[in-house]
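Undergrad: Below is the file query23.cif, with mmCIF, C-alpha atoms.
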data_final
loop_
_atom_site.label_atom_id
_atom_site.label_comp_id
_atom_site.auth_asym_id
_atom_site.auth_seq_id
_atom_site.Cartn_x
_atom_site.Cartn_y
_atom_site.Cartn_z
CA MET A 253 28.66 -3.73 10.71
CA ASP A 254 30.22 -0.33 10.39
CA HIS A 255 28.60 1.04 7.23
CA LEU A 256 27.34 4.51 8.12
CA ILE A 257 25.02 4.91 5.11
CA LEU A 258 23.43 1.48 5.62
CA ARG A 259 22.89 2.15 9.32
CA ILE A 260 21.20 5.49 8.71
CA LEU A 261 19.06 4.10 5.88
CA VAL A 262 17.86 1.23 8.05
CA LYS A 263 17.06 3.66 10.87
CA MET A 264 15.06 5.80 8.44
CA MET A 265 13.18 2.87 6.93
CA PHE A 266 12.40 0.88 10.07
CA ALA A 267 9.37 2.87 11.24
CA PRO A 268 7.82 3.37 7.77
CA ILE A 269 8.02 -0.40 7.15
CA LEU A 270 6.17 -1.07 10.42
CA LEU A 271 3.60 1.58 9.50
CA PHE A 272 3.12 0.05 6.05
CA ALA A 273 2.63 -3.38 7.66
CA LEU A 274 -0.11 -1.94 9.89
CA TYR A 275 -1.73 -0.32 6.83
CA VAL A 276 -1.69 -3.65 5.00
CA GLN A 277 -3.10 -5.35 8.08
CA PHE A 278 -6.08 -3.07 8.57
CA HIS A 279 -6.70 -2.20 4.92
CA GLY A 280 -7.05 -5.82 3.84
CA ASP A 281 -10.84 -5.49 3.61
CA PHE A 282 -10.58 -2.76 1.01
CA GLY A 283 -7.47 -3.44 -1.04
CA PRO A 284 -4.92 -6.16 -1.57
CA GLY A 285 -3.30 -7.43 1.59
CA GLY A 286 -4.31 -8.95 4.87
CA GLY A 287 -2.90 -10.55 7.96
CA PHE A 288 -0.46 -12.88 6.26
CA GLN A 289 1.28 -10.22 4.19
CA ALA A 290 1.21 -7.73 7.06
CA GLY A 291 2.84 -10.22 9.41
CA VAL A 292 5.60 -10.92 6.91
CA ILE A 293 6.26 -7.20 6.30
CA PHE A 294 6.31 -6.54 10.06
CA ALA A 295 8.88 -9.33 10.48
CA VAL A 296 10.94 -8.01 7.57
CA ALA A 297 11.50 -4.72 9.41
CA PHE A 298 13.12 -6.59 12.30
CA ILE A 299 15.12 -8.81 9.94
CA LEU A 300 16.48 -5.68 8.26
CA HIS A 301 17.42 -4.41 11.71
CA ALA A 302 19.20 -7.69 12.47
CA LEU A 303 21.07 -7.69 9.16
CA CYS A 304 22.40 -4.21 9.85
CA PHE A 305 22.94 -4.07 13.62
CA GLY A 306 23.46 -7.74 14.41
CA LEU A 307 21.19 -10.37 15.90
CA GLU A 308 21.97 -9.60 19.53
CA GLU A 309 20.84 -5.98 19.17
CA THR A 310 17.57 -7.04 17.53
CA LYS A 311 16.94 -9.57 20.29
CA LYS A 312 17.11 -6.68 22.75
CA VAL A 313 14.38 -4.88 20.77
CA MET A 314 12.18 -7.93 20.19
CA PRO A 315 13.15 -10.76 22.54
CA GLN A 316 12.49 -14.37 21.55
CA ARG A 317 10.49 -14.86 24.75
CA ILE A 318 7.86 -12.36 23.56
CA LEU A 319 7.74 -13.97 20.11
CA TYR A 320 6.79 -17.34 21.64
CA VAL A 321 3.88 -15.60 23.35
CA PHE A 322 2.86 -13.83 20.12
CA MET A 323 2.88 -17.11 18.18
CA VAL A 324 0.43 -18.69 20.58
CA VAL A 325 -1.67 -15.56 21.09
CA GLY A 326 -2.11 -15.12 17.32
CA LEU A 327 -3.37 -18.65 16.84
CA LEU A 328 -5.60 -18.38 19.91
CA PHE A 329 -7.07 -15.11 18.55
CA TYR A 330 -8.20 -16.98 15.46
CA THR A 331 -9.56 -20.06 17.19
CA GLY A 332 -10.95 -17.84 19.95
CA THR A 333 -13.03 -15.94 17.40
CA GLY A 334 -14.33 -19.29 16.20
CA PHE A 335 -15.27 -20.33 19.71
CA LEU A 336 -16.84 -16.91 20.36
CA THR A 337 -19.26 -17.46 17.50
CA LEU A 338 -19.94 -20.98 18.81
CA LEU A 339 -20.74 -19.59 22.27
CA LEU A 340 -23.04 -16.98 20.69
CA GLY A 341 -25.04 -19.85 19.26
CA ALA A 342 -23.93 -19.76 15.61
CA ASN A 343 -21.71 -22.01 13.53
CA LEU A 344 -17.92 -21.95 13.90
CA LEU A 345 -16.54 -18.67 12.42
CA ASP A 346 -20.03 -17.42 11.46
CA TYR A 347 -19.20 -13.78 12.18
CA GLU A 348 -22.78 -12.56 11.66
CA ALA A 349 -23.48 -13.66 15.24
CA ILE A 350 -21.04 -11.12 16.74
CA VAL A 351 -23.38 -8.22 15.92
CA PRO A 352 -26.71 -9.90 15.16
CA GLY A 353 -29.24 -8.15 12.94
CA SER A 354 -26.82 -5.49 11.67
CA ALA A 355 -27.95 -3.99 8.36
CA HIS A 356 -24.43 -3.41 7.03
CA HIS A 357 -22.82 -6.65 8.28
CA ALA A 358 -20.90 -5.12 11.21
CA GLY A 359 -20.35 -8.61 12.62
CA GLN A 360 -18.58 -9.75 9.46
CA HIS A 361 -16.27 -6.72 9.61
CA TYR A 362 -15.42 -7.32 13.28
CA GLY A 363 -14.89 -11.04 12.71
CA ILE A 364 -12.64 -10.55 9.70
CA MET A 365 -10.62 -7.94 11.57
CA LEU A 366 -10.19 -10.26 14.58
CA VAL A 367 -9.07 -13.29 12.61
CA GLU A 368 -6.78 -11.21 10.37
CA PHE A 369 -5.20 -9.77 13.49
CA GLY A 370 -4.63 -13.32 14.74
CA VAL A 371 -3.09 -14.36 11.42
CA GLY A 372 -0.84 -11.29 11.35
CA THR A 373 0.43 -11.79 14.91
CA CYS A 374 1.07 -15.50 14.42
CA VAL A 375 2.82 -15.05 11.05
CA PHE A 376 4.98 -12.18 12.33
CA ALA A 377 6.14 -14.10 15.38
CA THR A 378 6.70 -17.35 13.48
CA MET A 379 8.68 -15.76 10.65
CA LEU A 380 10.91 -13.85 13.04
CA THR A 381 11.35 -16.95 15.23
CA ILE A 382 12.44 -19.00 12.22
CA PHE A 383 14.89 -16.26 11.24
CA TYR A 384 16.28 -16.02 14.78
CA HIS A 385 16.87 -19.75 14.91
CA PHE A 386 18.50 -19.93 11.49
CA ALA A 387 20.71 -16.90 12.11
CA GLY A 388 21.51 -17.68 15.75
CA ARG A 389 23.38 -20.90 14.99
CA GLU A 390 26.35 -19.22 13.32
CA PRO A 391 28.69 -16.65 14.79
CA GLU A 392 28.45 -13.17 13.29
CA ILE A 393 29.81 -13.16 9.75
CA GLY A 394 32.16 -10.60 8.34
CA ASN A 395 31.83 -8.68 5.10
CA GLU A 396 34.30 -10.89 3.26
CA ASP A 397 32.84 -14.19 4.40
CA TRP A 398 30.14 -14.30 1.73
CA MET B 98 -11.76 -3.91 -33.18
CA THR B 99 -10.72 -0.26 -33.27
CA GLU B 100 -7.20 1.09 -33.12
CA ALA B 101 -7.73 2.47 -29.60
CA MET B 102 -8.56 -0.99 -28.27
CA THR B 103 -5.71 -2.93 -29.87
CA ALA B 104 -2.92 -0.70 -28.53
CA PRO B 105 -3.30 -1.62 -24.82
CA ILE B 106 -3.71 -5.30 -25.71
CA ALA B 107 -0.46 -5.23 -27.69
CA ALA B 108 1.30 -3.46 -24.78
CA ASN B 109 -0.02 -6.10 -22.35
CA LEU B 110 1.15 -8.88 -24.61
CA PHE B 111 4.59 -7.30 -24.87
CA ILE B 112 4.86 -6.95 -21.06
CA ASP B 113 3.68 -10.54 -20.49
CA LEU B 114 6.05 -11.97 -23.06
CA SER B 115 9.08 -10.09 -21.75
CA LEU B 116 8.27 -11.13 -18.15
CA VAL B 117 7.96 -14.79 -19.14
CA THR B 118 11.19 -14.58 -21.15
CA MET B 119 13.03 -13.12 -18.18
CA LEU B 120 11.57 -15.85 -15.92
CA VAL B 121 12.93 -18.55 -18.23
CA LEU B 122 16.34 -16.83 -18.45
CA VAL B 123 16.58 -16.54 -14.65
CA ALA B 124 15.59 -20.18 -14.27
CA PHE B 125 18.37 -21.27 -16.65
CA ALA B 126 20.88 -19.03 -14.86
CA MET B 127 19.89 -20.70 -11.55
CA LEU B 128 20.42 -24.14 -13.08
CA ARG B 129 23.85 -23.23 -14.43
CA SER B 130 25.28 -21.46 -11.38
CA ARG B 131 27.35 -23.34 -8.79
CA GLN B 132 27.66 -20.39 -6.38
CA LEU B 133 24.77 -20.85 -3.94
CA PHE B 134 24.80 -17.14 -3.03
CA ALA B 135 24.08 -16.29 -6.66
CA VAL B 136 21.38 -18.97 -6.84
CA VAL B 137 19.63 -17.55 -3.76
CA MET B 138 19.74 -14.02 -5.18
CA LEU B 139 18.43 -15.27 -8.52
CA SER B 140 15.56 -17.05 -6.78
CA GLY B 141 14.64 -13.71 -5.18
CA ILE B 142 14.69 -12.09 -8.61
CA TYR B 143 12.55 -14.95 -9.94
CA SER B 144 9.97 -14.32 -7.21
CA LEU B 145 9.93 -10.59 -7.93
CA LEU B 146 9.45 -11.25 -11.66
CA SER B 147 6.60 -13.68 -11.03
CA ALA B 148 5.04 -11.12 -8.67
CA SER B 149 5.10 -8.61 -11.54
CA PHE B 150 3.56 -11.26 -13.77
CA PHE B 151 0.73 -11.79 -11.26
CA VAL B 152 0.11 -8.02 -11.24
CA SER B 153 -0.23 -8.10 -15.01
CA LEU B 154 -2.76 -10.95 -14.60
CA ASP B 155 -4.75 -8.72 -12.15
CA ALA B 156 -4.05 -11.05 -9.21
CA VAL B 157 -2.71 -8.33 -6.89
CA ASP B 158 -3.27 -10.30 -3.68
CA VAL B 159 -1.20 -13.21 -4.96
CA ALA B 160 1.44 -10.79 -6.26
CA PHE B 161 1.65 -9.09 -2.87
CA THR B 162 2.17 -12.41 -1.10
CA GLU B 163 4.74 -13.55 -3.66
CA ALA B 164 6.71 -10.32 -3.29
CA ALA B 165 6.62 -10.38 0.52
CA VAL B 166 7.19 -14.09 1.07
CA GLY B 167 9.00 -15.28 -2.05
CA ALA B 168 11.30 -12.35 -2.64
CA GLY B 169 11.60 -11.25 0.99
CA ILE B 170 11.44 -13.90 3.68
CA SER B 171 12.44 -17.00 1.75
CA THR B 172 15.52 -15.30 0.26
CA ILE B 173 16.65 -14.42 3.78
CA LEU B 174 15.91 -17.93 5.09
CA MET B 175 17.77 -19.51 2.15
CA LEU B 176 20.75 -17.30 2.96
CA GLY B 177 20.55 -18.44 6.58
CA GLY B 178 20.34 -22.06 5.48
CA MET B 179 23.30 -21.54 3.15
CA LEU B 180 25.37 -20.17 6.04
CA LEU B 181 24.55 -23.31 8.04
CA THR B 182 25.58 -25.67 5.25
CA ALA B 183 27.78 -24.83 2.24
CA ARG B 184 28.46 -21.86 -0.02
CA GLN B 185 29.10 -23.86 -3.16
CA GLU B 186 27.40 -26.71 -4.90
CA LYS B 187 29.57 -29.80 -5.24
CA ALA B 188 30.91 -30.19 -8.75
CA HIS B 189 29.67 -33.26 -10.54
CA ALA B 190 30.12 -34.47 -14.08
CA PRO B 191 26.64 -34.85 -15.61
CA LYS B 192 26.18 -38.12 -17.44
CA ARG B 193 24.37 -37.85 -20.74
CA ALA B 194 21.22 -39.96 -20.59
CA PRO B 195 19.34 -39.93 -23.91
CA ILE B 196 16.30 -41.68 -22.43
CA ALA B 197 15.82 -38.84 -19.93
CA PHE B 198 15.93 -36.31 -22.78
CA VAL B 199 13.31 -38.30 -24.70
CA VAL B 200 11.04 -38.51 -21.62
CA VAL B 201 11.34 -34.76 -21.01
CA LEU B 202 10.54 -34.00 -24.65
CA LEU B 203 7.51 -36.31 -24.66
CA VAL B 204 6.08 -34.94 -21.40
CA GLY B 205 6.69 -31.36 -22.55
CA ALA B 206 4.97 -32.03 -25.87
CA ALA B 207 2.03 -33.64 -24.08
CA LEU B 208 1.68 -30.63 -21.73
CA ILE B 209 1.80 -28.16 -24.62
CA TYR B 210 -0.76 -30.25 -26.53
CA ALA B 211 -3.02 -30.25 -23.45
CA SER B 212 -2.73 -26.46 -23.13
CA PHE B 213 -4.59 -26.05 -26.48
CA ASP B 214 -7.75 -27.16 -24.68
CA PHE B 215 -7.53 -24.38 -22.10
CA PRO B 216 -10.15 -21.66 -22.33
CA ALA B 217 -8.69 -18.31 -23.45
CA TYR B 218 -7.50 -15.96 -20.70
CA GLY B 219 -10.45 -13.94 -19.40
CA ASP B 220 -13.02 -16.10 -21.24
CA ARG B 221 -16.33 -15.45 -19.50
CA TYR B 222 -17.58 -18.92 -20.38
CA ALA B 223 -14.58 -20.64 -18.76
CA PRO B 224 -15.58 -22.99 -15.91
CA ALA B 225 -13.45 -21.03 -13.43
CA ASN B 226 -15.42 -17.85 -14.11
CA ASN B 227 -18.84 -19.45 -14.02
CA SER B 228 -19.82 -21.74 -11.19
CA ILE B 229 -18.40 -20.91 -7.76
CA GLY B 230 -16.39 -17.81 -8.72
CA GLN B 231 -19.48 -16.06 -10.07
CA GLU B 232 -21.31 -17.03 -6.90
CA TYR B 233 -18.69 -15.33 -4.69
CA VAL B 234 -18.73 -12.17 -6.84
CA GLU B 235 -22.51 -11.94 -6.61
CA ARG B 236 -22.94 -12.85 -2.96
CA THR B 237 -20.06 -11.01 -1.27
CA PRO B 238 -21.60 -7.49 -1.44
CA LYS B 239 -24.92 -8.86 -0.10
CA GLU B 240 -23.64 -11.24 2.58
CA ILE B 241 -20.27 -9.88 3.75
CA GLY B 242 -20.20 -6.26 2.63
CA VAL B 243 -16.41 -6.19 2.18
CA PRO B 244 -15.05 -4.53 -1.00
CA ASN B 245 -12.14 -6.97 -1.43
CA ILE B 246 -13.69 -10.28 -2.47
CA VAL B 247 -10.39 -12.12 -1.91
CA THR B 248 -10.51 -11.14 1.78
CA ALA B 249 -14.16 -12.18 2.00
CA VAL B 250 -13.37 -15.63 0.59
CA LEU B 251 -10.22 -16.02 2.66
CA ALA B 252 -11.49 -14.90 6.05
CA ALA B 253 -15.25 -15.45 5.92
CA TYR B 254 -16.37 -18.06 3.37
CA ARG B 255 -13.23 -20.17 3.80
CA GLY B 256 -12.45 -19.08 7.35
CA PHE B 257 -11.97 -22.65 8.49
CA ASP B 258 -9.33 -23.22 5.77
CA THR B 259 -7.43 -20.13 6.85
CA MET B 260 -7.53 -21.34 10.44
CA GLY B 261 -5.83 -24.51 9.25
CA GLU B 262 -3.25 -22.49 7.32
CA THR B 263 -2.44 -20.41 10.39
CA THR B 264 -1.97 -23.65 12.30
CA VAL B 265 0.40 -24.86 9.56
CA ILE B 266 2.53 -21.71 9.96
CA PHE B 267 2.50 -22.15 13.72
CA THR B 268 3.54 -25.80 13.37
CA ALA B 269 6.36 -24.87 10.99
CA GLY B 270 7.70 -22.39 13.54
CA LEU B 271 7.38 -25.03 16.26
CA ALA B 272 9.33 -27.55 14.18
CA VAL B 273 12.16 -25.06 13.60
CA ILE B 274 12.28 -24.26 17.32
CA LEU B 275 12.49 -27.96 18.16
CA LEU B 276 15.14 -28.73 15.53
CA LEU B 277 17.42 -25.69 15.78
CA GLY B 278 16.53 -23.95 19.00
CA VAL B 279 18.18 -26.07 21.66
CA GLY B 280 19.00 -23.77 24.54
CA SER B 281 17.71 -20.66 22.80
CA ALA B 282 14.65 -20.48 24.98
CA ARG B 283 16.76 -19.84 28.06
CA GLY B 284 19.74 -17.81 26.96
CA GLY B 285 19.23 -17.02 23.30
CA ARG B 286 22.92 -17.67 22.60
CA ALA B 287 24.25 -19.71 19.73
CA VAL B 288 24.70 -23.36 20.65
CA ARG B 289 27.14 -25.83 19.10
CA ASP B 290 26.92 -29.58 19.19
CA ARG B 291 29.54 -31.00 21.49
CA ASN B 292 30.38 -33.73 18.96
CA ALA B 293 30.64 -31.39 16.01
CA PRO B 294 34.08 -30.30 14.84
CA PRO B 295 35.10 -26.82 16.01
CA PRO B 296 34.44 -23.96 13.57
CA THR B 297 37.22 -23.73 11.04
CA ARG B 298 36.74 -20.14 10.03
CA GLU B 299 39.19 -17.57 11.41
CA GLU B 300 37.36 -14.84 13.28
#
Let's see the structure in the file written out as structure tokens.

TA:
Amino acid sequence: MDHLILRILVKMMFAPILLFALYVQFHGDFGPGGGFQAGVIFAVAFILHALCFGLEETKKVMPQRILYVFMVVGLLFYTGTGFLTLLLGANLLDYEAIVPGSAHHAGQHYGIMLVEFGVGTCVFATMLTIFYHFAGREPEIGNEDW
Amino acid sequence: MTEAMTAPIAANLFIDLSLVTMLVLVAFAMLRSRQLFAVVMLSGIYSLLSASFFVSLDAVDVAFTEAAVGAGISTILMLGGMLLTARQEKAHAPKRAPIAFVVVLLVGAALIYASFDFPAYGDRYAPANNSIGQEYVERTPKEIGVPNIVTAVLAAYRGFDTMGETTVIFTAGLAVILLLGVGSARGGRAVRDRNAPPPTREE
């Protein structure tokens, strides 16, 4: 695409969108948001990039190979937290066991942060993978083709 | 009720009513349109409107998800799906079936009749606000210590559910990779079926 204004706008918005996704990710305990929404917003930044600069350019920034790894790592982060609490002698996903005897529930905070990070990573990678596969089947489309 | 209290309630009612009206209008526009591009865009608008409606119902977490997923990702994926299939819905002459109209009217009347039994919005004696919901509100500050109760329910009390949901997302991605991603793992280039007709569009 050769639209100068679109290109510059996307360049300006790319980093703030990623930053906002990280804010949503780590502020989920205190306000609306969480891993799922953060993962989607993170993926949206790359989709915007792909819509403006083309899929091949985006795949150079965020290759599909890495996304496969992220998908699995995200899910393993979640289940891994569950198994961690099992190994510490508590029930599955009973985060209190991570920091036992904490007066202000530090274990719960750590546990929620870990699983939300897993959700965010998995959702981000999955959403972008689905987009890559849908968009990668067709040759690049022109402005008039819509 | 004093004058100062009724004004915000009237404003809320006005906002709710106009949002619902716009939702119905958009839904009818989607039904009428044959251009799939317009339908996809309208579905994005529909999601954004319902997200605003959720905000007005104080369900900000749901609104956030609806705006990000409904208006963002699914619009893009629908556009991608549209590119893979067709741009226009096939024209068909609708046959008038009076029995279908009667069934729709009866079911609609039954649903509206049933809605009279609903507790009023925000009723503190409604079942949804009493048993388990009240329990979460009371126990979260003591047991979890997280200000956002939605996060506490999602990640701590119902952590096992969310694990299943994450697995569902993962499985959905896996299914798309298996169905559409032949060859993409190695080269990442677009792949065409050998038996499919060559692309007709002029480049």

Undergrad: For Pro284 (chain A), please output as number ranges by chain all residues within 12 Å (counting all atoms listed in the file; exclusion window: fewer than 6 positions along the same chain).

TA: A: 275-278, 290; B: 152, 155-162, 244-249, 251

Undergrad: Keeping only C-alpha atoms, write the selected residues to a file as an mmCIF file, in the frame of the given file.

TA:
data_model
loop_
_atom_site.group_PDB
_atom_site.id
_atom_site.type_symbol
_atom_site.label_atom_id
_atom_site.label_comp_id
_atom_site.auth_asym_id
_atom_site.auth_seq_id
_atom_site.Cartn_x
_atom_site.Cartn_y
_atom_site.Cartn_z
ATOM 1 C CA TYR A 275 -1.730 -0.320 6.830
ATOM 2 C CA VAL A 276 -1.690 -3.650 5.000
ATOM 3 C CA GLN A 277 -3.100 -5.350 8.080
ATOM 4 C CA PHE A 278 -6.080 -3.070 8.570
ATOM 5 C CA ALA A 290 1.210 -7.730 7.060
ATOM 6 C CA VAL B 152 0.110 -8.020 -11.240
ATOM 7 C CA ASP B 155 -4.750 -8.720 -12.150
ATOM 8 C CA ALA B 156 -4.050 -11.050 -9.210
ATOM 9 C CA VAL B 157 -2.710 -8.330 -6.890
ATOM 10 C CA ASP B 158 -3.270 -10.300 -3.680
ATOM 11 C CA VAL B 159 -1.200 -13.210 -4.960
ATOM 12 C CA ALA B 160 1.440 -10.790 -6.260
ATOM 13 C CA PHE B 161 1.650 -9.090 -2.870
ATOM 14 C CA THR B 162 2.170 -12.410 -1.100
ATOM 15 C CA PRO B 244 -15.050 -4.530 -1.000
ATOM 16 C CA ASN B 245 -12.140 -6.970 -1.430
ATOM 17 C CA ILE B 246 -13.690 -10.280 -2.470
ATOM 18 C CA VAL B 247 -10.390 -12.120 -1.910
ATOM 19 C CA THR B 248 -10.510 -11.140 1.780
ATOM 20 C CA ALA B 249 -14.160 -12.180 2.000
ATOM 21 C CA LEU B 251 -10.220 -16.020 2.660
#

Undergrad: If you apply the PyMOL selection byres ((chain A and resi 380) around 10) to this file, what residues do you get, as a list in words?

TA: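 Output from the PyMOL selection byres ((chain A and resi 380) around 10), applied to this file: Gly291, Val292, Phe294, Ala295, Val296, Ala297, Phe298, Ile299, Met314, Gln316, Leu319, Val375, Phe376, Ala377, Thr378, Met379, Thr381, Ile382, Phe383, Tyr384, His385 and Phe386 of chain A; Ile170 and Gly270 of chain B.
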
Undergrad: Nearest to chain B among A:Leu340, A:Asp281, A:Ala302, A:Tyr320, with distances taken over only C-alpha atoms: which residue is it?

TA: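 The shortest atom-to-atom distance to chain B comes from A:Asp281.
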
Undergrad: For Val243 (chain B), which of A:Gly359, A:Gly306, A:Pro268, A:Gly341 is the closest residue, counting all atoms listed in the file?

TA: A:Gly359

Undergrad: CA of Pro105 (chain B) to CA of Phe150 (chain B): how many Å, to one decimal?

TA: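 So the answer is 16.2 Å.
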